[in-house]
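Single-structure report; data block below.
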Amino acid sequence: MPTVPIYGLQICRWGMEDTVKYLTHKLQSEERKPIQVITANPIMVMKALEEPDYMQVMKNAELLVPDGTGVVWAAAKTGMPVQERVAGFDLLHELMRVGEDYHWKVYLLGSTPEVIQAAAERLHLQYPGVEIAGYRDGYFKAEQDAEVIAEIRKAAPDILFVARGADTQEPWIARYKEQLGVPLMMGVGGSFDVISG
Ligand code: UDP
């Protein structure tokens, strides 16, 4: 995969089409090793520079896609431009669209109970070929992590979308990547709020 280093982070240079093709191939492969996708925007890059733990989370992600015009700009400055911005919200929709062909199952984690229920209903109507294997709000304590993980494992989704704010969602996925047993996981920030509304 072609990447460009930005502050030590290897940002993928592919555009949306190649990114989705790659992830589809990974999901359809036998192996299905967990992939954490991080939609790297400038706020997250700055946070990584300030917090070593967050930097480690980003470095350990299997795929960093260029979200935010600042990242696209920084890549161009290095002489290794990325093809285009790959925004998390758009990537979620593209994966749902392609997911209809393969009958993927998705689990939606995060936002308030009202928002996540409305988002699940909307996504089901828009992409009936994708099974919403489960959903749950993102306001739970660390003590409940085991219970949330058990619920997700039971639902056995192909994709887990997590919206709990960038400070929480990326480290949470990174921490439980192996335990969750989901082949593709991605933080989606405020996407459910937009979809539900
Ligand atoms: N969120 C959540 N649990 C939390 C904090 C936030 O589920 O403990 C949800 C929130 O409801 C929203 C999404 O995460 O749907 C993004 O939140 P916010 O806009 O605060 O995140 P940021 O843009 O700061 O990353």
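In the structure tokens, chains take the letters A, B, ... in the order shown, each chain's residues start at 1, and ligands count up from 1 in the order shown.
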
Practice task
Collect all residues with atoms no farther than 6 Å from ligand 1, counting only C-alpha atoms and all ligand atoms, and output them as an MDAnalysis selection string.
Solution key: chainID A and resid 110:112 137:139 163:166 189:190 192:193

Which residues of stretch 32-128 of chain A come within 8 Å of stretch 6-12 of chain A, and what is each one's closest atom pair and distance in Å (one decimal), counting only C-alpha atoms, sorted by chain and residue number, as a tab-separated table?
residue	atom	partner	partner_atom	distance
A:Ala40	CA	A:Ile11	CA	7.8
A:Val45	CA	A:Tyr7	CA	7.8
A:Leu49	CA	A:Tyr7	CA	7.7
A:Met58	CA	A:Leu9	CA	7.4
A:Lys59	CA	A:Leu9	CA	6.2
A:Leu63	CA	A:Cys12	CA	6.9
A:Leu64	CA	A:Ile11	CA	5.1
A:Val65	CA	A:Cys12	CA	5.3
A:Pro66	CA	A:Ile11	CA	6.3
A:Ala74	CA	A:Ile6	CA	7.2
A:Ala75	CA	A:Ile6	CA	7.0
A:Val82	CA	A:Cys12	CA	7.3

Practice task
Quote the spacing between atom CA of A:Pro157 and atom CA of A:Pro183 in Å to one decimal place.
Solution key: 8.2 Å

Practice task
For each of A:Thr69, A:Gln56, A:Gln169, A:Thr24, take the minimum atom-to-atom distance to A:Met186, counting only C-alpha atoms, then give the residue where this is smallest.
Solution key: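 Smallest separation from A:Met186 among the options: A:Gln169.
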
Residue list (helix (DSSP H, G or I), DSSP) for stretch 88-150 of chain A, as a PDB file with C-alpha atoms, in the first residue's frame:
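Written file, part.pdb:
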ATOM      1  CA  GLY A  88     -14.877   8.761   7.670  1.00  0.00           C
ATOM      2  CA  PHE A  89     -18.508   9.622   6.982  1.00  0.00           C
ATOM      3  CA  ASP A  90     -18.070   8.889   3.261  1.00  0.00           C
ATOM      4  CA  LEU A  91     -16.120   5.693   3.924  1.00  0.00           C
ATOM      5  CA  LEU A  92     -18.903   4.440   6.208  1.00  0.00           C
ATOM      6  CA  HIS A  93     -21.441   4.963   3.425  1.00  0.00           C
ATOM      7  CA  GLU A  94     -19.217   3.367   0.772  1.00  0.00           C
ATOM      8  CA  LEU A  95     -18.687   0.295   2.949  1.00  0.00           C
ATOM      9  CA  MET A  96     -22.445   0.037   3.522  1.00  0.00           C
ATOM     10  CA  ARG A  97     -23.059   0.348  -0.210  1.00  0.00           C
ATOM     11  CA  VAL A  98     -20.549  -2.379  -1.106  1.00  0.00           C
ATOM     12  CA  GLY A  99     -21.676  -4.387   1.915  1.00  0.00           C
ATOM     13  CA  GLU A 100     -25.065  -4.906   0.276  1.00  0.00           C
ATOM     14  CA  ASP A 101     -23.430  -7.026  -2.422  1.00  0.00           C
ATOM     15  CA  TYR A 102     -21.762  -9.259   0.156  1.00  0.00           C
ATOM     16  CA  PRO A 113     -29.397   5.641  22.824  1.00  0.00           C
ATOM     17  CA  GLU A 114     -31.846   7.765  20.768  1.00  0.00           C
ATOM     18  CA  VAL A 115     -29.267   8.670  18.122  1.00  0.00           C
ATOM     19  CA  ILE A 116     -27.925   5.164  17.675  1.00  0.00           C
ATOM     20  CA  GLN A 117     -31.392   3.662  17.362  1.00  0.00           C
ATOM     21  CA  ALA A 118     -32.400   6.257  14.772  1.00  0.00           C
ATOM     22  CA  ALA A 119     -29.104   5.778  12.903  1.00  0.00           C
ATOM     23  CA  ALA A 120     -29.634   1.987  12.849  1.00  0.00           C
ATOM     24  CA  GLU A 121     -33.132   2.447  11.409  1.00  0.00           C
ATOM     25  CA  ARG A 122     -31.960   4.900   8.776  1.00  0.00           C
ATOM     26  CA  LEU A 123     -29.035   2.729   7.702  1.00  0.00           C
ATOM     27  CA  HIS A 124     -31.293  -0.317   7.506  1.00  0.00           C
ATOM     28  CA  LEU A 125     -33.705   1.549   5.225  1.00  0.00           C
ATOM     29  CA  GLN A 126     -30.925   2.942   3.067  1.00  0.00           C
ATOM     30  CA  ALA A 142     -14.738   1.076  31.580  1.00  0.00           C
ATOM     31  CA  GLU A 143     -16.247  -1.501  33.981  1.00  0.00           C
ATOM     32  CA  GLN A 144     -18.789  -2.320  31.287  1.00  0.00           C
ATOM     33  CA  ASP A 145     -16.213  -2.907  28.539  1.00  0.00           C
ATOM     34  CA  ALA A 146     -16.282  -6.687  29.024  1.00  0.00           C
ATOM     35  CA  GLU A 147     -20.062  -6.799  28.711  1.00  0.00           C
ATOM     36  CA  VAL A 148     -20.006  -4.595  25.590  1.00  0.00           C
ATOM     37  CA  ILE A 149     -17.288  -6.748  24.020  1.00  0.00           C
ATOM     38  CA  ALA A 150     -19.261  -9.922  24.784  1.00  0.00           C
TER      39      ALA A 150
END
